[in-house]
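Asks: This is the content of entry-v5.txt (compact mmCIF, C-alpha atoms and all ligand atoms):
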```txt
# COMPACT_ATOMS: atom_id res chain seq x y z
CA MET A 1 251.55 142.99 248.10
CA ILE A 2 251.57 140.93 251.28
CA ALA A 3 253.54 137.65 251.39
CA VAL A 4 252.72 136.67 254.96
CA ASP A 5 249.91 138.07 257.06
CA VAL A 6 249.58 137.02 260.70
CA GLU A 7 246.85 138.23 263.02
CA GLY A 8 246.23 137.45 266.69
CA LEU A 9 248.33 134.28 266.57
CA LYS A 10 248.35 132.17 269.73
CA LYS A 11 249.88 128.81 270.51
CA GLN A 12 250.11 127.07 273.85
CA TYR A 13 251.82 123.79 274.80
CA GLY A 14 250.30 122.65 278.11
CA ASP A 15 251.06 125.51 280.48
CA VAL A 16 253.61 127.12 278.17
CA ARG A 17 252.33 130.08 276.17
CA ALA A 18 254.76 129.83 273.27
CA VAL A 19 253.09 132.50 271.12
CA ASN A 20 250.88 135.00 272.81
CA GLY A 21 248.67 136.84 270.32
CA ILE A 22 251.16 138.26 267.81
CA GLY A 23 250.44 140.07 264.54
CA PHE A 24 252.73 141.17 261.73
CA HIS A 25 253.00 141.08 257.97
CA VAL A 26 255.82 140.48 255.50
CA GLN A 27 255.84 142.29 252.16
CA VAL A 28 256.63 140.51 248.91
CA GLY A 29 260.33 140.96 248.14
CA GLU A 30 261.23 141.70 251.71
CA THR A 31 263.75 139.84 253.87
CA PHE A 32 262.01 139.64 257.23
CA GLY A 33 263.61 138.32 260.39
CA MET A 34 262.34 137.16 263.75
CA LEU A 35 265.06 137.80 266.27
CA GLY A 36 264.97 136.59 269.83
CA PRO A 37 266.53 134.38 272.47
CA ASN A 38 265.99 130.63 272.88
CA GLY A 39 262.40 129.84 273.70
CA ALA A 40 261.04 133.19 272.48
CA GLY A 41 258.56 131.43 270.16
CA LYS A 42 260.32 131.92 266.81
CA THR A 43 260.27 128.30 265.64
CA THR A 44 256.66 127.88 266.70
CA THR A 45 255.69 130.98 264.72
CA ILE A 46 257.62 130.13 261.54
CA GLU A 47 256.37 126.52 261.58
CA ILE A 48 252.76 127.66 261.94
CA VAL A 49 253.26 130.01 258.99
CA GLU A 50 254.77 127.11 256.99
CA GLY A 51 251.77 124.95 257.88
CA LEU A 52 253.89 122.47 259.87
CA ARG A 53 252.18 123.20 263.20
CA GLN A 54 248.56 123.95 264.05
CA LEU A 55 247.66 127.31 265.53
CA ASP A 56 245.33 127.62 268.53
CA GLU A 57 243.91 131.05 267.70
CA GLY A 58 244.37 133.71 265.04
CA LYS A 59 244.76 133.76 261.30
CA VAL A 60 247.73 133.16 259.02
CA CYS A 61 247.68 133.88 255.29
CA VAL A 62 250.55 133.13 252.96
CA LEU A 63 250.40 134.80 249.53
CA GLY A 64 246.74 135.47 250.21
CA LEU A 65 246.00 131.80 251.03
CA ASP A 66 244.77 130.73 254.47
CA VAL A 67 247.29 128.10 255.67
CA ARG A 68 244.59 126.14 257.50
CA HIS A 69 242.40 125.70 254.46
CA GLU A 70 244.70 125.92 251.45
CA LEU A 71 247.89 124.32 252.66
CA SER A 72 248.54 122.22 249.56
CA LYS A 73 248.53 125.38 247.41
CA VAL A 74 250.75 127.17 249.91
CA LYS A 75 253.27 124.31 249.89
CA GLN A 76 253.74 124.58 246.13
CA ARG A 77 254.87 128.16 246.52
CA ILE A 78 257.13 128.11 249.55
CA GLY A 79 260.56 126.65 250.27
CA ILE A 80 261.46 125.16 253.64
CA GLN A 81 264.98 124.20 254.61
CA LEU A 82 265.28 120.73 256.16
CA GLN A 83 267.75 120.05 258.93
CA THR A 84 270.81 118.43 257.34
CA ALA A 85 270.31 115.37 259.58
CA GLU A 86 266.94 114.78 257.89
CA LEU A 87 268.44 114.31 254.39
CA PRO A 88 268.28 110.75 252.99
CA PRO A 89 271.93 109.68 253.38
CA ASN A 90 272.35 107.33 250.42
CA LEU A 91 271.07 109.48 247.55
CA THR A 92 273.41 111.65 245.50
CA VAL A 93 273.07 115.42 245.29
CA ARG A 94 271.60 115.11 241.80
CA GLU A 95 269.17 112.34 242.79
CA LEU A 96 267.94 114.39 245.73
CA LEU A 97 267.40 117.45 243.57
CA ASP A 98 265.44 115.36 241.05
CA LEU A 99 263.42 113.63 243.78
CA PHE A 100 262.49 116.83 245.59
CA GLY A 101 261.73 118.51 242.27
CA SER A 102 259.24 115.74 241.45
CA PHE A 103 257.08 116.83 244.42
CA PHE A 104 256.27 120.17 242.81
CA ASP A 105 254.48 121.50 239.74
CA ARG A 106 257.09 124.21 239.28
CA HIS A 107 260.88 123.59 239.15
CA LEU A 108 264.17 125.33 238.89
CA PRO A 109 266.60 123.40 236.64
CA PRO A 110 268.95 121.30 238.85
CA ASP A 111 271.93 122.78 236.96
CA ASP A 112 270.91 126.26 238.10
CA LEU A 113 270.60 125.07 241.69
CA VAL A 114 273.98 123.35 241.82
CA GLY A 115 275.47 126.51 240.29
CA LEU A 116 273.74 128.76 242.80
CA LEU A 117 274.92 126.70 245.76
CA ASP A 118 278.34 125.83 244.34
CA LEU A 119 277.67 122.07 244.34
CA GLY A 120 278.58 121.41 240.70
CA GLU A 121 281.45 119.06 241.48
CA LYS A 122 279.47 117.15 244.08
CA GLN A 123 276.50 116.08 241.99
CA LYS A 124 277.40 112.38 242.06
CA VAL A 125 278.34 112.29 245.75
CA VAL A 126 275.88 110.73 248.23
CA ALA A 127 274.60 113.08 250.95
CA LYS A 128 276.31 111.23 253.81
CA ASN A 129 279.73 111.77 252.19
CA LEU A 130 279.39 115.54 251.92
CA SER A 131 281.11 117.84 254.39
CA GLY A 132 278.95 119.68 256.91
CA GLY A 133 279.09 122.89 254.87
CA GLN A 134 278.22 121.07 251.62
CA ARG A 135 275.27 119.31 253.30
CA GLN A 136 274.10 122.68 254.51
CA ARG A 137 274.28 124.07 250.96
CA LEU A 138 272.43 120.99 249.68
CA SER A 139 269.60 121.56 252.15
CA LEU A 140 269.36 125.14 250.86
CA ALA A 141 269.34 123.95 247.22
CA LEU A 142 266.51 121.54 248.08
CA ALA A 143 264.52 124.36 249.67
CA LEU A 144 264.71 126.17 246.33
CA VAL A 145 263.77 123.32 243.93
CA ASN A 146 260.26 124.68 243.36
CA ASP A 147 261.50 128.24 242.71
CA PRO A 148 259.59 129.31 245.84
CA ASP A 149 258.07 132.77 246.18
CA ILE A 150 258.91 132.67 249.88
CA LEU A 151 261.99 131.00 251.35
CA PHE A 152 261.69 130.08 255.04
CA LEU A 153 264.89 129.62 257.05
CA ASP A 154 264.73 128.69 260.74
CA GLU A 155 268.00 129.66 262.40
CA PRO A 156 269.90 128.88 259.20
CA THR A 157 273.38 129.62 260.53
CA THR A 158 273.26 128.32 264.10
CA GLY A 159 276.41 126.31 264.73
CA LEU A 160 277.96 127.05 261.32
CA ASP A 161 281.55 128.16 260.82
CA PRO A 162 282.09 131.67 259.38
CA GLN A 163 282.60 130.42 255.81
CA ALA A 164 279.38 128.38 255.82
CA ARG A 165 277.54 131.28 257.42
CA ARG A 166 278.77 133.56 254.64
CA ALA A 167 277.43 131.10 252.03
CA VAL A 168 273.97 131.26 253.63
CA TRP A 169 274.08 135.06 253.74
CA ASP A 170 275.12 135.20 250.06
CA LEU A 171 272.27 132.91 249.11
CA VAL A 172 269.72 134.99 251.01
CA ARG A 173 270.96 138.13 249.27
CA GLN A 174 270.89 136.48 245.85
CA TRP A 175 267.39 135.20 246.45
CA LYS A 176 266.23 138.64 247.51
CA GLY A 177 267.94 140.00 244.37
CA ARG A 178 265.52 137.90 242.34
CA GLY A 179 262.63 139.78 243.93
CA LYS A 180 261.79 136.88 246.28
CA THR A 181 260.64 137.01 249.88
CA VAL A 182 262.74 135.54 252.68
CA PHE A 183 261.41 134.87 256.18
CA LEU A 184 264.08 133.82 258.65
CA THR A 185 264.56 133.38 262.36
CA THR A 186 267.80 133.97 264.13
CA HIS A 187 269.26 134.62 267.52
CA TYR A 188 272.24 136.41 266.00
CA MET A 189 271.61 140.13 265.97
CA GLU A 190 274.47 140.69 263.46
CA GLU A 191 272.64 138.36 261.09
CA ALA A 192 269.37 140.25 261.44
CA GLU A 193 271.19 143.55 260.93
CA ALA A 194 273.11 142.27 257.90
CA LEU A 195 270.23 140.60 256.05
CA CYS A 196 266.84 141.86 257.11
CA ASP A 197 264.84 144.78 255.75
CA ARG A 198 262.65 144.53 258.83
CA VAL A 199 262.94 142.63 262.06
CA ALA A 200 260.43 141.54 264.69
CA ILE A 201 262.15 141.21 268.05
CA MET A 202 260.44 138.45 270.02
CA ASP A 203 260.57 137.64 273.68
CA HIS A 204 258.35 135.29 275.72
CA GLY A 205 255.92 134.74 272.86
CA ALA A 206 255.39 138.45 272.13
CA ILE A 207 256.75 140.89 269.57
CA ILE A 208 258.39 143.61 271.62
CA ALA A 209 259.68 145.72 268.71
CA LEU A 210 259.22 145.71 264.95
CA GLY A 211 260.87 147.74 262.20
CA ALA A 212 263.97 148.25 260.09
CA PRO A 213 267.08 147.50 262.17
CA GLU A 214 268.51 151.01 261.94
CA GLU A 215 265.07 152.53 262.58
CA LEU A 216 264.62 150.44 265.74
CA ALA A 217 267.99 151.53 267.01
CA ARG A 218 267.13 155.18 266.26
CA GLN A 219 263.70 154.87 267.88
CA HIS A 220 265.11 153.55 271.11
CA PHE A 221 268.40 155.40 271.23
CA THR A 222 269.44 158.95 270.56
CA GLU A 223 272.68 157.86 272.18
CA SER A 224 275.76 156.10 270.83
CA ALA A 225 277.36 153.21 272.62
CA ILE A 226 280.83 153.53 274.11
CA GLN A 227 282.01 149.98 274.71
CA PHE A 228 285.28 149.54 276.55
CA GLN A 229 287.54 147.32 278.61
CA THR A 230 289.83 148.30 281.44
CA ASP A 231 292.84 146.65 283.05
CA ARG A 232 291.15 146.97 286.43
CA ASP A 233 287.51 146.47 287.37
CA LEU A 234 285.31 149.58 287.33
CA GLY A 235 281.95 149.39 289.06
CA PRO A 236 279.04 150.01 286.63
CA GLU A 237 277.23 151.96 289.41
CA ASP A 238 279.88 154.72 289.37
CA LEU A 239 279.65 155.04 285.58
CA GLN A 240 275.95 155.84 285.70
CA GLY A 241 276.74 159.25 287.22
CA LEU A 242 279.24 160.30 284.52
CA VAL A 243 278.35 163.25 282.36
CA GLY A 244 276.00 162.39 279.47
CA VAL A 245 275.51 158.74 280.46
CA SER A 246 271.91 157.54 280.16
CA HIS A 247 272.56 153.95 281.13
CA VAL A 248 275.22 151.31 281.53
CA SER A 249 275.37 147.64 280.61
CA ARG A 250 277.91 144.96 281.34
CA ASP A 251 278.78 141.82 279.42
CA HIS A 252 281.52 139.80 281.09
CA GLY A 253 284.67 141.95 280.65
CA ASP A 254 283.01 144.60 278.46
CA LEU A 255 281.26 147.64 279.84
CA THR A 256 279.05 149.81 277.65
CA VAL A 257 277.85 153.30 278.48
CA TYR A 258 275.24 154.98 276.30
CA SER A 259 275.61 158.69 275.74
CA ALA A 260 274.36 161.41 273.40
CA ARG A 261 277.43 163.48 274.38
CA VAL A 262 280.21 161.14 273.34
CA PRO A 263 283.25 163.51 273.65
CA ASP A 264 282.17 164.74 277.11
CA THR A 265 281.41 161.22 278.31
CA LEU A 266 284.66 159.86 276.94
CA ALA A 267 286.68 162.55 278.72
CA ALA A 268 284.78 161.92 281.96
CA LEU A 269 285.25 158.18 281.58
CA MET A 270 289.00 158.47 281.14
CA ALA A 271 289.29 160.80 284.13
CA HIS A 272 287.16 158.42 286.20
CA ALA A 273 289.28 155.42 285.22
CA GLU A 274 292.47 157.29 286.09
CA SER A 275 291.09 158.27 289.49
CA ARG A 276 290.58 154.54 290.17
CA GLY A 277 294.08 153.64 288.99
CA ALA A 278 292.63 151.93 285.89
CA ARG A 279 293.45 152.30 282.20
CA LEU A 280 291.15 151.82 279.23
CA THR A 281 292.65 148.96 277.21
CA SER A 282 290.14 149.12 274.36
CA VAL A 283 287.40 151.56 273.38
CA GLN A 284 284.84 151.26 270.62
CA ILE A 285 282.32 153.96 269.81
CA ARG A 286 279.44 152.70 267.71
CA PRO A 287 275.83 153.47 266.93
CA ALA A 288 273.33 151.55 269.03
CA SER A 289 272.58 148.06 267.67
CA LEU A 290 269.63 145.64 267.83
CA GLU A 291 271.36 143.96 270.75
CA ASP A 292 271.30 147.29 272.59
CA VAL A 293 267.59 147.63 271.81
CA PHE A 294 266.96 144.14 273.19
CA ILE A 295 268.92 144.89 276.36
CA LYS A 296 267.06 148.15 276.84
CA LEU A 297 263.65 146.51 276.43
CA THR A 298 264.27 143.33 278.43
CA GLY A 299 267.28 143.95 280.66
CA ARG A 300 268.86 140.80 279.17
CA ARG A 301 271.13 139.92 276.28
CA ILE A 302 269.74 137.91 273.37
CA ARG A 303 272.28 135.18 274.05
CA GLU A 304 273.01 134.90 277.76
P1 LIG B 1 264.93 128.35 269.95
O1 LIG B 1 265.78 129.51 269.51
O2 LIG B 1 265.47 127.69 271.19
O3 LIG B 1 264.54 127.41 268.87
P2 LIG B 1 262.35 129.58 269.72
O4 LIG B 1 262.31 131.07 269.86
O5 LIG B 1 262.33 129.02 268.36
O6 LIG B 1 263.58 129.03 270.52
P3 LIG B 1 260.14 127.83 270.29
O7 LIG B 1 260.91 126.63 269.87
O8 LIG B 1 259.03 128.28 269.46
O9 LIG B 1 261.12 129.06 270.56
O10 LIG B 1 259.61 127.56 271.78
C1 LIG B 1 258.79 128.47 272.50
C2 LIG B 1 258.38 127.82 273.82
O11 LIG B 1 257.51 126.71 273.56
C3 LIG B 1 259.54 127.23 274.61
O12 LIG B 1 259.27 127.44 275.97
C4 LIG B 1 259.51 125.76 274.26
O13 LIG B 1 260.04 124.99 275.31
C5 LIG B 1 258.04 125.49 274.05
N1 LIG B 1 257.80 124.45 273.04
C6 LIG B 1 258.17 124.52 271.74
N2 LIG B 1 257.77 123.41 271.06
C7 LIG B 1 257.12 122.63 271.95
C8 LIG B 1 256.45 121.37 271.88
N3 LIG B 1 256.36 120.70 270.73
N4 LIG B 1 255.92 120.88 273.02
C9 LIG B 1 255.97 121.57 274.18
N5 LIG B 1 256.58 122.77 274.32
C10 LIG B 1 257.15 123.31 273.22
```
What does the file become when written as structure tokens?

Replies:
Amino acid sequence: MIAVDVEGLKKQYGDVRAVNGIGFHVQVGETFGMLGPNGAGKTTTIEIVEGLRQLDEGKVCVLGLDVRHELSKVKQRIGIQLQTAELPPNLTVRELLDLFGSFFDRHLPPDDLVGLLDLGEKQKVVAKNLSGGQRQRLSLALALVNDPDILFLDEPTTGLDPQARRAVWDLVRQWKGRGKTVFLTTHYMEEAEALCDRVAIMDHGAIIALGAPEELARQHFTESAIQFQTDRDLGPEDLQGLVGVSHVSRDHGDLTVYSARVPDTLAALMAHAESRGARLTSVQIRPASLEDVFIKLTGRRIRE
């Protein structure tokens, strides 16, 4: 069964084509991610699907309901995470859960929600007195008050510390464990790889790749990545000619060569470094990642 079905979606702001005719679907029970750099069109897309923005062209159905014509029904069945700054500051955790719950026909018991988000001891605390991480968990709890079939998260971990990020990841996994659908956007490729069954990679308003993370990496790379640092600069141009190397990328101090012949390339690389009076100070051999796919398709990193 299809949770989200998008066809020929377009959205323009003045001269800016934010979303340029994209189509995709999300299956019920799937965790689906839109991955892309700033300005790729992720927020525009997710907010159109949520019914928060109007589309210019195309069709969007959520749980079989057209968002343009049946938005009030859609809203009963989806959960949207508010920015923590948008929470009413003077209501307690419990009051907010009760208030938000009153907007919906269907509810999860507040006790379940505080348990799920580890807010049990904070029920009587007003939102403005919560820590950043607790406020973040509260905004997640509020997105779940109506036991939504689809949980929408727009860049849910941007700017969070590792512990808070982990809490979001745990919640997404638990929610998926209940058979629910999660639709998230992110510009962290590790997040997409860790959480998503399938990922749409977006750039300049278009979907440039779509599939399971490991499948996308396999589709675009038969090679592995050899990522390394040296104590002396090596020119990427010279590395291109080394045995087995298909291409080379550079990110600040790190160089990465892609090769399907890792032992041969590694030996050649070490010999090359030695001939330039350089030493490899760290080497990591890994399968190609979504970041590598993005670099291959666009020539850029997701986060410049
Ligand atoms: P980010 O990761 O920075 O949130 P994004 O992938 O979510 O980026 P969008 O926020 O959808 O991308 O923006 C896509 C493009 O549309 C950008 O060029 C942005 O400047 C533009 N844009 C987005 N919202 C508006 C708006 N309300 N008015 C005008 N232009 C907008």

Asks: Would you name the residues within 9 Å of ligand LIG 1 (chain B), counting all atoms listed in the file, and put them as a PyMOL selection string?

Replies: chain A and resi 11-19+34-47+53+154-155+185-187+202-205

Asks: Can you measure atom CA of Leu290 of chain A to atom CA of Ala217 of chain A for me? One decimal in Å is fine.

Replies: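 A separation of 6.2 Å between them.
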
Asks: Within 9 Å of Phe104 of chain A, counting all atoms listed in the file, which residues show up once you throw out same-chain ones fewer than 3 positions away? Write them as a list in words, please.

Replies: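 Once the nearby chain positions are removed, what remains is Lys75, Gln76, Arg77, Phe100, Gly101, His107, Val145 and Asn146 of chain A.
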
Asks: Using atom CA of Val125 of chain A and atom CA of Asp112 of chain A as the two end points, give the distance in Å to one decimal.

Replies: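 Distance between the two atoms: 17.6 Å.
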
Asks: For atom CA of Tyr258 of chain A and atom CA of Ala225 of chain A, determine how far apart the two atoms are, in Å to one decimal place.

Replies: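 Rounded to one decimal, the two atoms are 4.6 Å apart.
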
Asks: Of the candidates A:Ala143, A:Val93, A:Val257, A:Tyr188, which one gets nearest to Glu121 of chain A if we count all atoms listed in the file?

Replies: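 Answer, going by the shortest atom-to-atom distance: A:Val93.
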
Asks: For Glu86 of chain A, which of A:Ser139, A:Ala268, A:Phe24, A:Gly132 is the closest residue, counting all atoms listed in the file?

Replies: A:Ser139

Asks: Nearest to Asp149 of chain A: which of A:Val199, A:Leu269, A:Leu184, A:Ile78 is it, counting all atoms listed in the file?

Replies: A:Ile78

Asks: Output, as JSON, the centre and edge lengths in Å (one decimal) of the axis-aligned box that contains all listed atoms of segment 147-159 of chain A with 6 Å of margin on each side.

Replies:
```
{"center_x": 267.2, "center_y": 129.5, "center_z": 253.7, "size_x": 30.3, "size_y": 18.5, "size_z": 34.0}
```

Asks: Would you kindly return, as a list in words, each protein, DNA or RNA residue with an atom no farther than 8 Å from any atom of segment 234-251 of chain A, considering only C-alpha atoms and excluding same-chain residues fewer than 4 positions away?

Replies: Thr230, Leu255, Thr256, Val257, Tyr258, Ser259, Ala260, Arg261, Val262, Asp264, Thr265, Ala268, Leu269, Ala273, Arg276 and Ala278 of chain A

Asks: Name the closest residue to Gly159 of chain A among the candidates A:Asn129, A:Leu142, A:Ala192, A:Gln136; distances are taken between atoms, counting all atoms listed in the file.

Replies: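 The closest residue to Gly159 of chain A is A:Gln136.
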
Asks: Since the input is missing atoms, can you rebuild all heavy atoms for segment 102-113 of chain A and write them as an mmCIF file, in the frame of the given file?

Replies:
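Heads up, here's the output in out_25.cif:
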```cif
data_model
loop_
_atom_site.group_PDB
_atom_site.id
_atom_site.type_symbol
_atom_site.label_atom_id
_atom_site.label_comp_id
_atom_site.auth_asym_id
_atom_site.auth_seq_id
_atom_site.Cartn_x
_atom_site.Cartn_y
_atom_site.Cartn_z
ATOM 1 N N SER A 102 260.414 116.483 241.931
ATOM 2 C CA SER A 102 259.240 115.740 241.450
ATOM 3 C C SER A 102 258.007 115.989 242.330
ATOM 4 O O SER A 102 256.893 115.671 241.954
ATOM 5 C CB SER A 102 259.549 114.237 241.384
ATOM 6 O OG SER A 102 259.632 113.710 242.694
ATOM 7 N N PHE A 103 258.220 116.561 243.542
ATOM 8 C CA PHE A 103 257.080 116.830 244.420
ATOM 9 C C PHE A 103 256.294 118.071 244.000
ATOM 10 O O PHE A 103 255.220 118.331 244.518
ATOM 11 C CB PHE A 103 257.535 117.062 245.873
ATOM 12 C CG PHE A 103 258.287 115.904 246.487
ATOM 13 C CD1 PHE A 103 259.249 116.131 247.466
ATOM 14 C CD2 PHE A 103 258.032 114.594 246.102
ATOM 15 C CE1 PHE A 103 259.945 115.075 248.043
ATOM 16 C CE2 PHE A 103 258.722 113.535 246.674
ATOM 17 C CZ PHE A 103 259.678 113.769 247.647
ATOM 18 N N PHE A 104 256.866 118.853 243.097
ATOM 19 C CA PHE A 104 256.270 120.170 242.810
ATOM 20 C C PHE A 104 255.889 120.325 241.350
ATOM 21 O O PHE A 104 256.493 119.711 240.464
ATOM 22 C CB PHE A 104 257.272 121.280 243.183
ATOM 23 C CG PHE A 104 257.611 121.296 244.642
ATOM 24 C CD1 PHE A 104 258.779 120.707 245.110
ATOM 25 C CD2 PHE A 104 256.753 121.885 245.564
ATOM 26 C CE1 PHE A 104 259.090 120.711 246.466
ATOM 27 C CE2 PHE A 104 257.053 121.895 246.911
ATOM 28 C CZ PHE A 104 258.224 121.301 247.367
ATOM 29 N N ASP A 105 254.894 121.192 241.116
ATOM 30 C CA ASP A 105 254.480 121.500 239.740
ATOM 31 C C ASP A 105 255.535 122.363 239.063
ATOM 32 O O ASP A 105 255.756 122.274 237.873
ATOM 33 C CB ASP A 105 253.167 122.303 239.746
ATOM 34 C CG ASP A 105 252.068 121.564 240.491
ATOM 35 O OD1 ASP A 105 252.162 120.316 240.572
ATOM 36 O OD2 ASP A 105 251.137 122.220 241.009
ATOM 37 N N ARG A 106 256.164 123.240 239.855
ATOM 38 C CA ARG A 106 257.090 124.210 239.280
ATOM 39 C C ARG A 106 258.515 123.836 239.697
ATOM 40 O O ARG A 106 258.726 123.401 240.824
ATOM 41 C CB ARG A 106 256.730 125.574 239.854
ATOM 42 C CG ARG A 106 257.403 126.730 239.211
ATOM 43 C CD ARG A 106 256.691 128.005 239.603
ATOM 44 N NE ARG A 106 257.090 128.492 240.925
ATOM 45 C CZ ARG A 106 256.628 129.623 241.462
ATOM 46 N NH1 ARG A 106 255.759 130.363 240.809
ATOM 47 N NH2 ARG A 106 257.019 130.002 242.644
ATOM 48 N N HIS A 107 259.502 123.984 238.814
ATOM 49 C CA HIS A 107 260.880 123.590 239.150
ATOM 50 C C HIS A 107 261.870 124.646 238.739
ATOM 51 O O HIS A 107 261.662 125.331 237.756
ATOM 52 C CB HIS A 107 261.344 122.375 238.336
ATOM 53 C CG HIS A 107 260.451 121.231 238.385
ATOM 54 N ND1 HIS A 107 260.667 120.170 239.209
ATOM 55 C CD2 HIS A 107 259.321 120.973 237.706
ATOM 56 C CE1 HIS A 107 259.697 119.309 239.035
ATOM 57 N NE2 HIS A 107 258.861 119.776 238.136
ATOM 58 N N LEU A 108 262.994 124.664 239.428
ATOM 59 C CA LEU A 108 264.170 125.330 238.890
ATOM 60 C C LEU A 108 265.051 124.225 238.308
ATOM 61 O O LEU A 108 265.148 123.138 238.901
ATOM 62 C CB LEU A 108 264.946 126.031 239.998
ATOM 63 C CG LEU A 108 264.514 127.431 240.392
ATOM 64 C CD1 LEU A 108 265.452 127.962 241.456
ATOM 65 C CD2 LEU A 108 264.507 128.370 239.189
ATOM 66 N N PRO A 109 265.742 124.454 237.183
ATOM 67 C CA PRO A 109 266.600 123.400 236.640
ATOM 68 C C PRO A 109 267.692 123.028 237.648
ATOM 69 O O PRO A 109 268.310 123.931 238.227
ATOM 70 C CB PRO A 109 267.214 124.055 235.396
ATOM 71 C CG PRO A 109 266.342 125.220 235.085
ATOM 72 C CD PRO A 109 265.706 125.652 236.372
ATOM 73 N N PRO A 110 267.920 121.705 237.887
ATOM 74 C CA PRO A 110 268.950 121.300 238.850
ATOM 75 C C PRO A 110 270.309 121.935 238.561
ATOM 76 O O PRO A 110 271.039 122.278 239.494
ATOM 77 C CB PRO A 110 269.016 119.774 238.671
ATOM 78 C CG PRO A 110 267.659 119.404 238.169
ATOM 79 C CD PRO A 110 267.184 120.560 237.344
ATOM 80 N N ASP A 111 270.628 122.158 237.276
ATOM 81 C CA ASP A 111 271.930 122.780 236.960
ATOM 82 C C ASP A 111 272.020 124.190 237.553
ATOM 83 O O ASP A 111 273.085 124.606 238.007
ATOM 84 C CB ASP A 111 272.158 122.840 235.452
ATOM 85 C CG ASP A 111 272.422 121.451 234.879
ATOM 86 O OD1 ASP A 111 272.769 120.556 235.689
ATOM 87 O OD2 ASP A 111 272.263 121.269 233.663
ATOM 88 N N ASP A 112 270.910 124.905 237.514
ATOM 89 C CA ASP A 112 270.910 126.260 238.100
ATOM 90 C C ASP A 112 271.155 126.178 239.606
ATOM 91 O O ASP A 112 271.884 126.975 240.175
ATOM 92 C CB ASP A 112 269.540 126.937 237.918
ATOM 93 C CG ASP A 112 269.354 127.422 236.507
ATOM 94 O OD1 ASP A 112 270.206 127.100 235.653
ATOM 95 O OD2 ASP A 112 268.344 128.113 236.251
ATOM 96 N N LEU A 113 270.493 125.188 240.237
ATOM 97 C CA LEU A 113 270.600 125.070 241.690
ATOM 98 C C LEU A 113 272.011 124.691 242.125
ATOM 99 O O LEU A 113 272.542 125.257 243.081
ATOM 100 C CB LEU A 113 269.605 124.027 242.213
ATOM 101 C CG LEU A 113 268.151 124.478 242.131
ATOM 102 C CD1 LEU A 113 267.215 123.315 242.380
ATOM 103 C CD2 LEU A 113 267.896 125.579 243.161
#
```
